[in-house]
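Asker: File name model.tsv; file contents TSV, C-alpha atoms; full text below.
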```
chain	number	residue	atom	x	y	z
Q	85	MET	CA	-5.19	19.16	-35.88
Q	86	ILE	CA	-3.16	16.97	-38.25
Q	87	PHE	CA	0.43	16.12	-37.39
Q	88	PRO	CA	3.01	14.40	-39.55
Q	89	LYS	CA	3.45	10.70	-38.74
Q	90	ASN	CA	6.90	11.28	-37.25
Q	91	ALA	CA	5.87	14.29	-35.11
Q	92	LEU	CA	6.09	12.34	-31.83
Q	93	ASP	CA	9.58	11.12	-32.70
Q	94	LYS	CA	10.75	14.61	-33.62
Q	95	LEU	CA	9.30	16.04	-30.39
Q	96	GLY	CA	11.00	13.33	-28.31
Q	97	PHE	CA	7.65	12.21	-26.89
Q	98	ILE	CA	8.68	8.56	-26.40
Q	99	GLU	CA	11.96	9.57	-24.76
Q	100	ILE	CA	10.13	11.92	-22.38
Q	101	LYS	CA	7.70	9.15	-21.42
Q	102	SER	CA	10.65	6.86	-20.80
Q	103	LEU	CA	12.31	9.43	-18.52
Q	104	ILE	CA	9.06	9.90	-16.60
Q	105	LYS	CA	8.63	6.13	-16.17
Q	106	GLU	CA	12.09	5.91	-14.62
Q	107	LYS	CA	10.93	8.29	-11.86
Q	108	CYS	CA	7.73	6.35	-11.07
Q	109	LEU	CA	7.58	4.71	-7.64
Q	110	SER	CA	5.22	1.91	-8.61
Q	111	GLU	CA	4.11	-0.30	-11.47
Q	112	PRO	CA	0.66	1.33	-11.65
Q	113	GLY	CA	2.44	4.67	-12.09
Q	114	ARG	CA	4.50	3.29	-14.97
Q	115	GLU	CA	1.32	1.89	-16.52
Q	116	MET	CA	-0.31	5.31	-16.32
Q	117	VAL	CA	2.69	6.95	-18.00
Q	118	GLU	CA	2.47	4.36	-20.77
Q	119	LYS	CA	-1.09	5.54	-21.46
Q	120	ILE	CA	-0.10	9.20	-21.86
Q	121	GLN	CA	-1.05	10.50	-25.27
Q	122	PRO	CA	-0.51	13.89	-26.91
Q	123	GLN	CA	-3.28	16.30	-26.00
Q	124	THR	CA	-5.02	18.64	-28.41
Q	125	LYS	CA	-7.74	20.10	-26.16
Q	126	LEU	CA	-6.62	23.42	-24.75
Q	127	ASP	CA	-8.57	23.05	-21.47
Q	128	GLN	CA	-6.93	19.66	-20.73
Q	129	ILE	CA	-3.49	20.98	-21.61
Q	130	ASP	CA	-4.05	23.98	-19.34
Q	131	ARG	CA	-5.23	21.76	-16.43
Q	132	PHE	CA	-2.24	19.42	-16.82
Q	133	LEU	CA	0.16	22.38	-16.91
Q	134	ARG	CA	-1.38	23.83	-13.72
Q	135	GLN	CA	-1.14	20.43	-12.01
Q	136	THR	CA	2.47	20.11	-13.10
Q	137	GLN	CA	3.29	23.58	-11.73
Q	138	GLU	CA	1.59	22.82	-8.43
Q	139	PHE	CA	3.44	19.54	-8.10
Q	140	LYS	CA	6.73	21.26	-8.88
Q	141	ASP	CA	5.94	23.87	-6.18
Q	142	LEU	CA	5.06	21.09	-3.73
Q	143	LEU	CA	8.34	19.27	-4.39
Q	144	GLN	CA	10.42	22.41	-4.07
Q	145	HIS	CA	8.72	24.22	-1.18
Q	146	ASP	CA	6.62	21.84	0.92
Q	147	ALA	CA	6.99	18.74	3.06
Q	148	PRO	CA	7.52	15.56	1.07
Q	149	LEU	CA	4.48	13.57	0.04
Q	150	PRO	CA	3.95	10.61	2.41
Q	151	VAL	CA	4.43	7.88	-0.20
Q	152	ASP	CA	6.19	5.32	1.96
Q	153	HIS	CA	4.46	2.15	0.80
Q	154	LEU	CA	3.10	1.71	-2.69
Q	155	TYR	CA	2.42	-1.87	-3.65
Q	156	PRO	CA	0.43	-3.14	-6.62
Q	157	ILE	CA	-2.80	-4.15	-4.88
Q	158	LYS	CA	-4.95	-4.67	-7.97
Q	159	PRO	CA	-3.77	-8.30	-8.39
Q	160	LEU	CA	-4.49	-8.90	-4.70
Q	161	ALA	CA	-8.00	-7.48	-5.07
Q	162	GLU	CA	-8.57	-9.73	-8.08
Q	163	LYS	CA	-7.33	-12.73	-6.10
Q	164	ALA	CA	-9.62	-11.87	-3.18
Q	165	LYS	CA	-12.62	-11.82	-5.52
Q	166	LEU	CA	-12.15	-15.48	-6.45
Q	167	GLU	CA	-14.37	-17.86	-4.54
Q	168	GLY	CA	-12.32	-20.14	-2.33
Q	169	ALA	CA	-9.18	-18.00	-2.65
Q	170	PHE	CA	-7.63	-16.29	0.34
Q	171	LEU	CA	-4.93	-13.73	0.95
Q	172	ALA	CA	-1.88	-14.54	3.04
Q	173	GLU	CA	-1.00	-12.27	5.93
Q	174	GLU	CA	1.81	-10.57	3.97
Q	175	GLU	CA	-0.65	-9.80	1.16
Q	176	PHE	CA	-3.10	-8.25	3.63
Q	177	TYR	CA	-0.21	-6.30	5.10
Q	178	ARG	CA	0.74	-4.89	1.67
Q	179	ILE	CA	-2.87	-3.85	1.13
Q	180	LEU	CA	-2.94	-2.23	4.56
Q	181	LEU	CA	0.28	-0.29	3.99
Q	182	SER	CA	-0.81	0.81	0.51
Q	183	LEU	CA	-4.19	2.02	1.75
Q	184	ARG	CA	-2.56	3.85	4.66
Q	185	THR	CA	-0.31	5.56	2.12
Q	186	VAL	CA	-3.28	6.57	-0.04
Q	187	TYR	CA	-5.07	8.00	3.00
Q	188	ALA	CA	-1.91	9.81	4.10
Q	189	VAL	CA	-1.62	11.47	0.67
Q	190	ILE	CA	-5.28	12.49	0.75
Q	191	ARG	CA	-4.83	13.86	4.28
Q	192	TYR	CA	-1.73	15.74	3.07
Q	193	PHE	CA	-3.80	17.58	0.46
Q	194	ASN	CA	-6.77	18.08	2.81
Q	195	GLU	CA	-4.42	19.78	5.29
Q	196	ARG	CA	-3.37	22.15	2.49
Q	197	GLU	CA	-6.87	22.83	1.20
Q	198	GLY	CA	-6.83	25.43	-1.53
Q	199	GLN	CA	-3.05	25.44	-1.85
Q	200	TYR	CA	-2.93	22.70	-4.49
Q	201	SER	CA	-6.45	22.91	-5.89
Q	202	ASN	CA	-5.55	21.50	-9.31
Q	203	LEU	CA	-3.80	18.47	-7.79
Q	204	ALA	CA	-6.70	17.94	-5.39
Q	205	LEU	CA	-8.93	17.39	-8.44
Q	206	LEU	CA	-7.11	14.08	-8.95
Q	207	PHE	CA	-8.74	12.78	-5.75
Q	208	GLU	CA	-12.25	14.16	-6.15
Q	209	HIS	CA	-13.78	10.92	-7.45
Q	210	LEU	CA	-11.63	8.55	-5.40
Q	211	PRO	CA	-13.84	6.37	-3.19
Q	212	ILE	CA	-12.65	6.53	0.40
Q	213	GLU	CA	-13.32	3.32	2.34
Q	214	THR	CA	-11.57	3.72	5.68
Q	215	LYS	CA	-13.67	0.84	7.01
Q	216	ILE	CA	-11.54	-1.67	5.10
Q	217	VAL	CA	-8.36	-0.38	6.80
Q	218	ARG	CA	-9.97	-0.76	10.23
Q	219	GLN	CA	-11.11	-4.28	9.35
Q	220	ILE	CA	-7.62	-5.32	8.25
Q	221	GLU	CA	-6.15	-3.71	11.38
Q	222	THR	CA	-8.37	-5.94	13.53
Q	223	VAL	CA	-6.61	-9.04	12.17
Q	224	ILE	CA	-3.12	-7.86	11.09
Q	225	ASP	CA	-0.69	-6.18	13.51
Q	226	ASP	CA	1.81	-3.40	12.76
Q	227	ARG	CA	4.51	-5.96	11.88
Q	228	GLY	CA	2.31	-7.64	9.29
Q	229	LYS	CA	1.53	-10.69	11.40
Q	230	MET	CA	-1.91	-12.08	12.11
Q	231	LYS	CA	-3.17	-11.15	15.56
Q	232	ASP	CA	-3.86	-14.02	17.95
Q	233	ASN	CA	-7.38	-12.69	18.42
Q	234	ALA	CA	-8.14	-12.26	14.69
Q	235	SER	CA	-11.03	-14.66	15.20
Q	236	ARG	CA	-12.56	-16.42	18.16
Q	237	LEU	CA	-11.43	-19.82	16.83
Q	238	LEU	CA	-7.86	-18.60	16.31
Q	239	LEU	CA	-7.81	-17.17	19.83
Q	240	ASP	CA	-9.03	-20.50	21.24
Q	241	ILE	CA	-6.42	-22.43	19.25
Q	242	THR	CA	-3.64	-20.03	20.30
Q	243	GLN	CA	-4.62	-20.30	23.96
Q	244	GLN	CA	-4.74	-24.09	23.70
Q	245	ILE	CA	-1.27	-24.15	22.14
Q	246	LEU	CA	0.11	-21.92	24.91
Q	247	LYS	CA	-1.50	-24.11	27.55
Q	248	SER	CA	-0.08	-27.28	25.92
Q	249	GLU	CA	3.39	-25.69	25.68
Q	250	GLN	CA	3.27	-24.73	29.38
Q	251	GLU	CA	2.17	-28.24	30.37
Q	252	ALA	CA	4.90	-29.80	28.21
Q	253	ARG	CA	7.53	-27.45	29.69
Q	254	LYS	CA	6.32	-28.28	33.20
Q	255	ARG	CA	6.48	-32.04	32.49
Q	256	ILE	CA	9.97	-31.76	30.93
Q	257	ASP	CA	11.15	-29.83	34.01
Q	258	GLN	CA	9.73	-32.58	36.27
Q	259	VAL	CA	11.44	-35.32	34.26
Q	260	PHE	CA	14.74	-33.41	34.25
Q	261	LYS	CA	14.52	-32.76	37.99
Q	262	GLN	CA	13.80	-36.47	38.61
Q	263	ALA	CA	16.76	-37.42	36.40
Q	264	GLN	CA	18.99	-35.07	38.41
Q	265	ASN	CA	17.80	-36.52	41.70
Q	266	ASN	CA	18.58	-40.03	40.44
Q	267	GLY	CA	22.02	-38.94	39.29
Q	268	TRP	CA	21.29	-39.62	35.65
Q	269	THR	CA	22.53	-36.20	34.41
Q	270	ALA	CA	26.02	-34.87	34.06
```
Please go through the file and, once you have read it, give me the structure as structure tokens.
Answerer:
Amino acid sequence: MIFPKNALDKLGFIEIKSLIKEKCLSEPGREMVEKIQPQTKLDQIDRFLRQTQEFKDLLQHDAPLPVDHLYPIKPLAEKAKLEGAFLAEEEFYRILLSLRTVYAVIRYFNEREGQYSNLALLFEHLPIETKIVRQIETVIDDRGKMKDNASRLLLDITQQILKSEQEARKRIDQVFKQAQNNGWTA
């Protein structure tokens, strides 16, 4: 089908995309909206309309989607691929929270199997790697801090620090007590 060059302007296509981008919760969502193009295939248009209707029904009549934590994790994945690079604990924590959110959304739709069949198609080719979440959870706690037992070496170091702190505290108490006994304190 041939459209006049100004058809998108006359239809308000750019303005609609702009309004949709304002409602996006994450940068990847805004990037996806930027890629939206006019559709000419009837089957695609029909599928998108059914997905839109299902999402509207979900928003109006169902529990909210569990989209608590959406962080851009693609740059973190790219960073992790680099040899010699490492992720900081807050970066691992953002990945963990984002993956938990993805799994929560998938679980949301699995619990409503058949109710939102057109929306569920969006997840059909999504690789599910729950192992990575479990691996991150072995080293990062629920506050986003590295666990003391994240590795054997870290556990040994942490225990040594605690032991040294206790010995130092004990020695300071002895010195203070001796100073008190000698009348050197006020």
Asker: Skipping near chain neighbours, those fewer than 5 positions away, what residues fall within 12 Å of stretch 228-237 of chain Q using all atoms listed in the file, listed as a ChimeraX atom specification?
Answerer: /Q:171-181,219-223,242-246
Asker: Just how far from atom CA of Q:Leu183 is atom CA of Q:Lys158, in Å to one decimal?
Answerer: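 Separating atom CA of Q:Lys158 from atom CA of Q:Leu183 is a distance of 11.8 Å.
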Asker: What's the separation between atom CA of Q:Leu133 and atom CA of Q:Leu203, in Å to one decimal place?
Answerer: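 It comes out at 10.7 Å.
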Asker: Take atom CA of Q:Arg227 and atom CA of Q:Asp152 and report the distance between them in Å, one decimal.
Answerer: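 Atom CA of Q:Asp152 lies 15.1 Å from atom CA of Q:Arg227.
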Asker: Check the smallest atom-to-atom distance from each of Q:Val117, Q:Tyr200, Q:Pro122, Q:Asp93 to Q:Gln135 using only C-alpha atoms, then report the winner.
Answerer: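 Between Q:Val117, Q:Tyr200, Q:Pro122, Q:Asp93, the residue approaching Q:Gln135 most closely is Q:Tyr200.
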Asker: Given the choices Q:Arg131, Q:Lys119, Q:Arg184, Q:Arg191, which gets closest to Q:Lys215 if the distance is worked out from all atoms listed in the file?
Answerer: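 Closest to Q:Lys215 of all the choices is Q:Arg184.
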Asker: Check the smallest atom-to-atom distance from each of Q:Ser201, Q:Thr136, Q:Gln264, Q:Thr214 to Q:Tyr187 using all atoms listed in the file, then report the winner.
Answerer: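 Of the candidates, the smallest distance to Q:Tyr187 is held by Q:Thr214.
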